[in-house]
file upload.txt (compact mmCIF, C-alpha atoms)
# COMPACT_ATOMS: atom_id res chain seq x y z
CA MET A 779 13.82 4.24 13.35
CA ILE A 780 12.36 6.29 16.19
CA ARG A 781 14.92 7.01 18.87
CA ARG A 782 14.34 8.10 22.42
CA LYS A 783 15.43 11.71 22.70
CA ARG A 784 15.44 12.21 26.45
CA ARG A 785 16.95 10.04 29.15
CA ARG A 786 16.07 9.64 32.79
CA LYS A 787 17.84 12.48 34.59
CA SER A 788 18.55 10.68 37.91
CA GLY A 789 21.13 8.44 36.29
CA ALA A 790 19.36 5.33 37.61
CA PRO A 791 18.53 2.67 35.05
CA SER A 792 15.21 3.08 33.27
CA SER A 793 12.42 1.09 34.83
CA GLY A 794 9.92 1.72 32.03
CA ALA A 795 8.33 4.47 34.12
CA ALA A 796 4.55 4.40 34.18
CA THR A 797 4.45 8.18 34.41
CA ARG A 798 6.43 10.76 32.49
CA ARG A 799 6.59 14.53 32.37
CA ASP A 800 6.17 16.75 29.33
CA ASP A 801 8.16 19.92 28.70
CA LYS A 802 5.76 21.92 30.91
CA GLY A 803 6.21 19.50 33.81
CA ILE A 804 2.78 17.94 33.44
CA SER A 805 2.63 14.23 34.28
CA TRP A 806 1.27 11.76 31.76
CA ARG A 807 0.58 8.03 31.74
CA LYS A 808 1.14 6.31 28.40
CA ALA A 809 -2.57 5.53 28.09
CA GLU A 810 -3.31 9.23 28.46
CA VAL A 811 -0.75 10.09 25.79
CA GLN A 812 -2.36 7.51 23.52
CA THR A 813 -5.83 8.94 24.09
CA ALA A 814 -4.60 12.47 23.35
CA VAL A 815 -2.71 11.39 20.21
CA PHE A 816 -5.67 9.38 18.89
CA ALA A 817 -7.92 12.43 19.44
CA ILE A 818 -5.47 14.60 17.47
CA LEU A 819 -5.30 12.07 14.63
CA ALA A 820 -9.09 11.72 14.58
CA ASN A 821 -9.56 15.49 14.51
CA LEU A 822 -7.10 15.84 11.61
CA SER A 823 -8.81 12.98 9.77
CA GLY A 824 -12.36 14.17 10.31
CA THR A 825 -13.19 10.89 12.02
CA VAL A 826 -13.75 9.60 15.56
CA ALA A 827 -10.96 8.50 17.88
CA SER A 828 -12.66 5.13 18.49
CA GLY A 829 -11.89 4.25 14.87
CA ILE A 830 -8.16 4.60 15.42
CA THR A 831 -5.93 1.89 16.84
CA ARG A 832 -2.18 1.66 17.34
CA ARG A 833 -1.96 -0.23 14.03
CA THR A 834 -3.82 2.39 12.03
CA GLN A 835 -1.52 3.50 9.22
CA LEU A 836 -1.47 7.22 8.53
CA GLY A 837 -0.89 6.69 4.80
CA ARG A 838 -2.85 3.58 3.87
CA ASP A 839 -5.71 3.78 6.41
CA LEU A 840 -6.14 7.52 6.96
CA GLY A 841 -5.08 8.50 3.43
CA TRP A 842 -2.53 11.10 4.52
CA ASP A 843 0.39 12.07 2.30
CA ASP A 844 3.85 12.65 3.82
CA TRP A 845 3.38 16.42 4.08
CA TYR A 846 0.02 16.13 5.81
CA LYS A 847 1.67 14.01 8.53
CA LEU A 848 3.44 17.18 9.66
CA SER A 849 0.04 18.60 10.66
CA ILE A 850 0.37 16.67 13.93
CA VAL A 851 3.37 18.76 15.06
CA LYS A 852 1.40 21.83 16.10
CA PRO A 853 -1.42 20.15 18.10
CA VAL A 854 1.09 17.84 19.82
CA ARG A 855 3.11 20.88 20.88
CA ARG A 856 -0.05 22.64 22.07
CA GLN A 857 -1.63 19.73 23.94
CA LEU A 858 1.24 17.46 24.93
CA HIS A 859 3.94 20.15 25.14
CA GLU A 860 6.48 18.20 23.13
CA THR A 861 8.30 19.36 20.00
CA LEU A 862 8.45 16.70 17.31
CA ASP A 863 11.31 16.44 14.85
CA HIS A 864 9.79 17.03 11.42
CA ARG A 865 12.13 14.57 9.75
CA VAL A 866 11.18 11.76 12.13
CA VAL A 867 7.47 12.47 11.60
CA LYS A 868 7.77 12.60 7.82
CA VAL A 869 9.98 9.55 7.34
CA ASP A 870 9.80 7.26 10.37
CA VAL A 871 6.27 7.67 11.71
CA LYS A 872 3.94 5.36 9.83
CA THR A 873 1.26 4.25 12.32
CA ALA A 874 -0.77 5.81 15.14
CA GLY A 875 1.24 3.63 17.53
CA ASN A 876 4.46 5.15 16.15
CA VAL A 877 3.16 8.63 17.02
CA VAL A 878 2.26 7.54 20.56
CA ASP A 879 5.65 5.87 21.08
CA TYR A 880 7.52 8.85 19.65
CA VAL A 881 5.75 11.40 21.85
CA TRP A 882 6.19 9.10 24.87
CA SER A 883 9.90 8.73 24.11
CA LEU A 884 10.31 12.51 24.21
CA MET A 885 8.81 12.81 27.68
CA GLU A 886 11.03 12.79 30.70
CA GLU A 887 11.00 9.78 32.95
CA ILE A 888 10.10 10.62 36.55
CA MET B 731 26.48 2.78 -5.51
CA LYS B 732 26.22 -0.14 -3.09
CA ALA B 733 26.47 2.31 -0.20
CA LEU B 734 23.63 4.32 -1.70
CA LEU B 735 21.48 1.21 -1.94
CA LEU B 736 22.21 0.35 1.69
CA LEU B 737 21.59 3.89 2.88
CA ALA B 738 18.34 4.45 1.08
CA GLN B 739 15.49 4.39 3.58
CA THR B 740 12.78 4.36 0.98
CA TRP B 741 12.68 3.58 -2.69
CA SER B 742 9.72 4.55 -4.79
CA ILE B 743 9.05 3.80 -8.43
CA GLY B 744 6.37 5.63 -10.38
CA HIS B 745 5.84 7.95 -13.30
CA SER B 746 8.09 10.71 -12.05
CA TYR B 747 9.78 11.95 -8.88
CA SER B 748 8.30 15.44 -8.97
CA SER B 749 5.63 14.87 -6.31
CA PRO B 750 3.90 12.18 -4.24
CA ALA B 751 1.10 12.09 -6.82
CA ALA B 752 3.58 11.75 -9.66
CA LEU B 753 4.97 8.71 -7.88
CA ARG B 754 1.40 7.38 -7.66
CA LEU B 755 1.15 7.68 -11.43
CA PRO B 756 2.42 4.29 -12.58
CA ALA B 757 5.66 3.94 -14.49
CA THR B 758 4.58 2.69 -17.88
CA LEU B 759 6.24 0.75 -20.63
CA VAL B 760 3.95 0.41 -23.59
CA ALA B 761 4.46 -1.40 -26.87
CA VAL B 762 2.55 0.14 -29.76
CA ARG B 763 1.92 -1.09 -33.28
CA ALA B 764 -0.24 0.54 -35.89
CA ALA B 765 -3.32 -1.48 -36.88
CA SER B 766 -2.11 -1.34 -40.48
CA GLY B 767 1.14 -3.06 -39.48
CA GLY B 768 4.67 -1.72 -39.39
CA ALA B 769 7.28 -1.81 -36.67
CA TRP B 770 6.56 -2.12 -32.97
CA LEU B 771 7.20 1.09 -31.07
CA SER B 772 7.78 1.58 -27.35
CA LYS B 773 6.89 4.33 -24.90
CA LEU B 774 8.51 4.55 -21.48
CA ASP B 775 7.75 6.92 -18.61
CA ALA B 776 9.43 6.08 -15.33
CA GLY B 777 10.89 7.72 -12.28
CA VAL B 778 12.76 6.44 -9.24
CA LEU B 779 13.05 8.33 -5.97
CA ALA B 780 15.34 7.38 -3.08
CA ARG B 781 15.25 8.96 0.35
CA LEU B 782 18.55 9.02 2.14
CA PRO B 783 19.04 9.66 5.85
CA THR B 784 21.42 12.50 6.66
CA GLY B 785 21.21 12.42 10.45
CA ALA B 786 21.14 16.20 10.45
CA GLY B 787 17.46 16.97 10.92
CA PHE B 788 16.77 17.10 7.21
CA GLY B 789 16.49 14.47 4.53
CA LEU B 790 17.88 14.15 1.07
CA GLU B 791 15.98 12.80 -1.90
CA LEU B 792 17.67 11.67 -5.09
CA GLY B 793 15.72 10.93 -8.21
CA VAL B 794 16.08 9.99 -11.85
CA ARG B 795 13.39 9.90 -14.50
CA ALA B 796 13.04 9.16 -18.16
CA SER B 797 10.41 9.80 -20.79
CA GLY B 798 11.56 7.91 -23.82
CA GLY B 799 10.86 5.07 -26.18
CA SER B 800 10.87 4.86 -29.94
CA VAL B 801 7.40 6.40 -30.23
CA ARG B 802 9.02 9.68 -29.24
CA SER B 803 11.54 11.53 -31.35
CA ARG B 804 15.00 12.21 -29.86
CA THR B 805 14.05 15.80 -29.11
CA GLU B 806 10.80 14.74 -27.43
CA ARG B 807 12.59 12.43 -25.00
CA VAL B 808 13.47 13.81 -21.59
CA TYR B 809 16.04 12.53 -19.10
CA SER B 810 16.37 14.16 -15.71
CA ALA B 811 18.07 13.74 -12.37
CA MET B 812 17.62 15.74 -9.22
CA ALA B 813 18.65 16.17 -5.58
CA ARG B 814 16.13 17.66 -3.16
CA THR B 815 15.76 18.40 0.51
CA ASP B 816 12.86 19.84 2.43
CA TRP B 817 11.86 21.73 5.54
CA SER B 818 8.51 22.51 7.04
CA PHE B 819 7.26 25.33 9.18
CA SER B 820 4.47 24.12 11.43
CA GLY B 821 3.60 27.66 12.59
CA PRO B 822 2.17 28.84 9.26
CA GLY B 823 1.70 25.22 8.15
CA ILE B 824 3.94 25.41 5.09
CA GLY B 825 6.29 22.86 3.60
CA MET B 826 9.25 23.87 1.46
CA ALA B 827 11.40 21.83 -0.88
CA LEU B 828 14.77 23.01 -2.19
CA GLY B 829 16.43 21.21 -5.03
CA ALA B 830 18.66 21.12 -8.06
CA GLU B 831 17.73 19.36 -11.28
CA TYR B 832 19.51 18.36 -14.46
CA GLU B 833 17.37 17.97 -17.57
CA ALA B 834 18.36 16.88 -21.05
CA ASP B 835 16.65 15.98 -24.27
CA GLY B 836 17.04 12.57 -25.88
CA GLY B 837 20.16 13.49 -27.81
CA PHE B 838 21.73 15.41 -24.92
CA ASP B 839 21.89 18.37 -27.30
CA VAL B 840 20.04 20.58 -24.82
CA LYS B 841 21.13 20.22 -21.21
CA LYS B 842 19.88 22.44 -18.43
CA LEU B 843 20.81 22.68 -14.77
CA SER B 844 18.44 24.50 -12.47
CA ALA B 845 18.17 25.26 -8.76
CA GLY B 846 14.90 26.20 -7.16
CA ALA B 847 12.42 26.13 -4.32
CA GLU B 848 8.75 25.36 -4.00
CA LEU B 849 6.14 25.73 -1.28
CA THR B 850 3.04 23.76 -0.33
CA PRO B 851 0.48 24.13 2.47
CA LEU B 852 0.58 21.21 4.92
CA GLY B 853 -3.16 21.00 5.59
CA TRP B 854 -4.99 24.23 6.31
CA GLY B 855 -8.29 22.35 6.75
CA ALA B 856 -9.18 22.41 3.06
CA ALA B 857 -11.17 19.39 1.90
CA GLY B 858 -8.89 16.73 0.45
CA LEU B 859 -5.72 18.79 0.86
CA GLY B 860 -3.07 16.22 1.77
CA ARG B 861 -5.54 13.53 2.84
CA PHE B 862 -8.28 11.54 1.16
CA THR B 863 -11.78 12.81 1.75
CA HIS B 864 -12.86 9.32 2.86
CA ARG B 865 -10.95 6.37 4.24
CA THR B 866 -11.62 3.90 1.44
CA HIS B 867 -12.32 6.18 -1.48
CA GLY B 868 -12.33 9.82 -2.39
CA PHE B 869 -10.08 12.58 -3.53
CA ARG B 870 -6.74 14.04 -2.42
CA TRP B 871 -4.85 16.98 -3.85
CA ARG B 872 -1.86 19.19 -3.15
CA PRO B 873 -0.82 22.48 -4.73
CA TRP B 874 2.73 23.76 -5.16
CA ILE B 875 4.16 27.09 -6.17
CA GLY B 876 7.82 27.69 -6.83
CA GLY B 877 10.58 29.06 -8.92
CA ALA B 878 13.99 28.09 -10.24
CA VAL B 879 17.01 29.75 -11.77
CA VAL B 880 18.10 27.88 -14.86
CA ALA B 881 21.78 27.80 -15.81
CA ASP B 882 21.27 30.15 -18.75
CA ASP B 883 20.05 32.83 -16.34
CA VAL B 884 16.37 32.36 -17.09
CA PHE B 885 14.04 32.54 -14.10
CA ARG B 886 11.35 29.92 -14.34
CA GLY B 887 8.32 30.15 -12.06
CA HIS B 888 5.83 27.35 -11.79
CA ALA B 889 2.54 26.34 -10.23
CA ARG B 890 1.66 22.67 -9.97
CA VAL B 891 -1.32 20.78 -8.70
CA GLU B 892 -1.40 17.05 -8.11
CA ALA B 893 -4.54 15.05 -7.49
CA VAL B 894 -5.50 11.45 -6.79
CA LEU B 895 -8.97 9.94 -6.98
CA ARG B 896 -9.48 6.39 -5.73
CA VAL B 897 -12.58 4.32 -6.20
CA PRO B 898 -12.70 0.70 -5.04
CA VAL B 899 -14.81 -1.40 -7.40
CA GLY B 900 -15.24 -4.85 -5.92
CA ALA B 901 -11.77 -6.31 -5.41
CA LEU B 902 -10.23 -3.82 -7.83
CA ALA B 903 -8.62 -0.60 -6.64
CA ILE B 904 -9.29 1.92 -9.39
CA GLU B 905 -7.20 5.04 -9.09
CA GLY B 906 -6.94 8.16 -11.18
CA SER B 907 -3.87 10.34 -10.73
CA ALA B 908 -3.00 13.60 -12.40
CA GLU B 909 -0.32 16.24 -12.24
CA ALA B 910 -0.56 19.56 -14.07
CA THR B 911 2.19 22.17 -14.13
CA ALA B 912 2.24 25.68 -15.56
CA TRP B 913 5.55 27.48 -16.10
CA TYR B 914 6.35 31.09 -16.57
CA ARG B 915 9.75 31.90 -18.05
CA ASP B 916 11.43 35.30 -18.18
CA GLY B 917 11.12 36.62 -21.72
CA PHE B 918 8.90 33.78 -22.95
CA ASN B 919 5.22 33.03 -22.99
CA GLY B 920 3.77 30.84 -20.29
CA THR B 921 3.47 27.16 -21.02
CA ASN B 922 1.97 24.11 -19.36
CA TYR B 923 2.02 20.35 -19.26
CA ALA B 924 -0.35 17.79 -17.78
CA THR B 925 -0.09 14.07 -17.32
CA ALA B 926 -2.78 11.74 -16.04
CA ALA B 927 -3.37 8.04 -15.59
CA LEU B 928 -6.28 5.80 -14.76
CA SER B 929 -5.11 2.53 -13.32
CA ALA B 930 -6.56 -0.67 -11.90
CA GLU B 931 -4.08 -2.37 -9.59
CA LEU B 932 -3.78 -6.14 -9.84
CA GLY B 933 -4.06 -7.62 -6.35
CA GLY B 934 -1.91 -5.20 -4.36
CA SER B 935 1.13 -6.13 -6.44
CA GLY B 936 1.95 -2.61 -7.61
CA VAL B 937 1.33 -3.76 -11.18
CA SER B 938 -1.66 -2.16 -12.81
CA LEU B 939 -3.54 -1.96 -16.06
CA THR B 940 -3.09 1.68 -16.94
CA LEU B 941 -4.57 4.21 -19.32
CA SER B 942 -2.21 7.18 -19.45
CA ALA B 943 -2.10 10.45 -21.31
CA ASP B 944 0.09 13.50 -21.48
CA GLU B 945 -0.54 16.84 -23.11
CA GLY B 946 1.31 20.16 -23.38
CA ARG B 947 4.87 21.44 -23.42
CA ARG B 948 7.51 20.73 -20.78
CA PRO B 949 11.19 21.40 -20.19
CA PRO B 950 13.82 21.29 -21.43
CA LEU B 951 12.68 22.00 -25.01
CA TYR B 952 8.98 22.77 -24.46
CA LEU B 953 7.99 20.79 -27.56
CA LYS B 954 4.30 20.12 -28.00
CA THR B 955 3.30 16.61 -27.02
CA SER B 956 -0.06 14.90 -27.01
CA LYS B 957 -0.13 11.15 -26.44
CA ALA B 958 -2.39 8.53 -24.92
CA SER B 959 -1.68 4.86 -24.35
CA VAL B 960 -2.88 1.74 -22.59
CA GLY B 961 -0.47 -0.69 -21.02
CA LEU B 962 0.95 -2.19 -17.86
CA GLY B 963 2.05 0.17 -15.11
CA LEU B 964 4.25 -0.28 -12.06
CA ARG B 965 4.25 1.53 -8.73
CA LEU B 966 6.46 0.50 -5.85
CA PRO B 967 5.62 0.44 -3.05
CA SER B 968 2.07 -0.38 -4.03
CA PRO B 969 -0.36 2.44 -3.09
CA SER B 970 -2.55 -0.14 -1.36
CA ARG B 971 0.35 -0.96 1.00
CA ARG B 972 1.51 2.60 1.75
call {"tool": "encode", "arguments": {"input": "upload.txt", "output": "structure tokens"}}
result
Amino acid sequence: MIRRKRRRKSGAPSSGAATRRDDKGISWRKAEVQTAVFAILANLSGTVASGITRRTQLGRDLGWDDWYKLSIVKPVRRQLHETLDHRVVKVDVKTAGNVVDYVWSLMEEI
Amino acid sequence: MKALLLLAQTWSIGHSYSSPAALRLPATLVAVRAASGGAWLSKLDAGVLARLPTGAGFGLELGVRASGGSVRSRTERVYSAMARTDWSFSGPGIGMALGAEYEADGGFDVKKLSAGAELTPLGWGAAGLGRFTHRTHGFRWRPWIGGAVVADDVFRGHARVEAVLRVPVGALAIEGSAEATAWYRDGFNGTNYATAALSAELGGSGVSLTLSADEGRRPPLYLKTSKASVGLGLRLPSPSRR
């Protein structure tokens, strides 16, 4: 199960914010996070991002083993400025959509 | 035991628990009878791996495996159990597994407990390292290097390479899997062991028609073995659903 790591700091109830901030304070929309994550997955798979959907499975569809999944940690930290928990990536993340949702959950609601 | 079953996030059944490729090698139970008659003999190679959540940023894997059956002598049979955890270092792109393993021969006359570590590169851009070279077919491999201290104070170093080749032929998913390990032991000559299987999965069920072979010497007794067999194999979850 992928859990949200960071809560809205204002104390107000979450409104499913359309924009969130990464650890460097850069604002992201979820669609932008998805585009960036798909580009990372495509680059690591030697394929094109247009061939990746939220339902693309890292194991069955992209042919990655559990250890290779950890290759996403470094580019996500570099481009999206979020630090992924290795255990969550290795065990819980199974689809491209899982990666997007996990990175999004780490970002701070504005 | 019930708590373990409830806690286990993932169960895998395959040939062995030693690596992802070993779990892709099907567990096999083969019945053998000489063409000239005589008694039926059996050959079993199976491993089960369970991943348990710890909630502490690292996972725990528990595994058991058996290589037995009446086609093997008591000393040729191997029973093992292990506990393993792992970390990864995304900076240099290295994964590390730490574990302890208990190994015994078929008569439990030789029992060995060992503790060790092994390293693998996560990706490093090498073709097929950790991912298939093509989406629907192709080749995937992963190397490991490690060492263990065995209870009788012997240091045992090892290098292992695992490889999977998958080739869809019509509706059939043909897959070849192999795992080869070389050991170096303090005060002994080096030794090695390889196991391989060619399997055709039946309709995504995890059940496959399997040709398997093993060759070499492996712990705990390092007895020479050389066997090939054809039979039904089982892998759960099915590789086509992973």
call {"tool": "closest_residue", "arguments": {"input": "upload.txt", "among": "A:Asp801, A:Asp863, A:Asp879, A:Glu810", "to": "A:Arg832", "atoms": "all atoms listed in the file"}}
result
A:Asp879
call {"tool": "residues_near_point", "arguments": {"input": "upload.txt", "point": "(1.4, 24.3, -0.9)", "cutoff": "7 Å", "atoms": "only C-alpha atoms", "output": "count of residues only"}}
result
10
call {"tool": "axis_aligned_box", "arguments": {"input": "upload.txt", "around": "stretch 866-878 of chain B", "padding_each_side": "5 Å", "output": "JSON"}}
result
{"center_x": 0.8, "center_y": 16.5, "center_z": -4.4, "size_x": 36.3, "size_y": 35.2, "size_z": 21.7}
call {"tool": "residues_around", "arguments": {"input": "upload.txt", "residues": "B:Leu859", "least_positions_apart": "6", "cutoff": "6 Å", "atoms": "all atoms listed in the file", "output": "PDB file with C-alpha atoms, keeping the file's coordinate frame"}}
result
ATOM      1  CA  GLY B 853      -3.160  21.000   5.590  1.00  0.00           C
ATOM      2  CA  ARG B 870      -6.740  14.040  -2.420  1.00  0.00           C
ATOM      3  CA  TRP B 871      -4.850  16.980  -3.850  1.00  0.00           C
ATOM      4  CA  ARG B 872      -1.860  19.190  -3.150  1.00  0.00           C
TER       5      ARG B 872
END
call {"tool": "interface_residues", "arguments": {"input": "upload.txt", "of": "chain A", "to": "chain B", "cutoff": "7 Å", "atoms": "all atoms listed in the file", "output": "list in words"}}
result
Gly837, Arg838, Asp839, Leu840, Gly841, Trp842, Asp843, Trp845, Tyr846, Leu848, Ser849, Val851, Lys852 and Arg865 of chain A
call {"tool": "atom_distance", "arguments": {"input": "upload.txt", "atom1": "atom CA of B:Leu962", "atom2": "atom CA of B:Val937"}}
result
6.9 Å
call {"tool": "residues_around", "arguments": {"input": "upload.txt", "residues": "B:Val880", "least_positions_apart": "3", "cutoff": "10 Å", "atoms": "all atoms listed in the file", "output": "ChimeraX atom specification"}}
result
/B:830-832,842-846,877,883-886,915
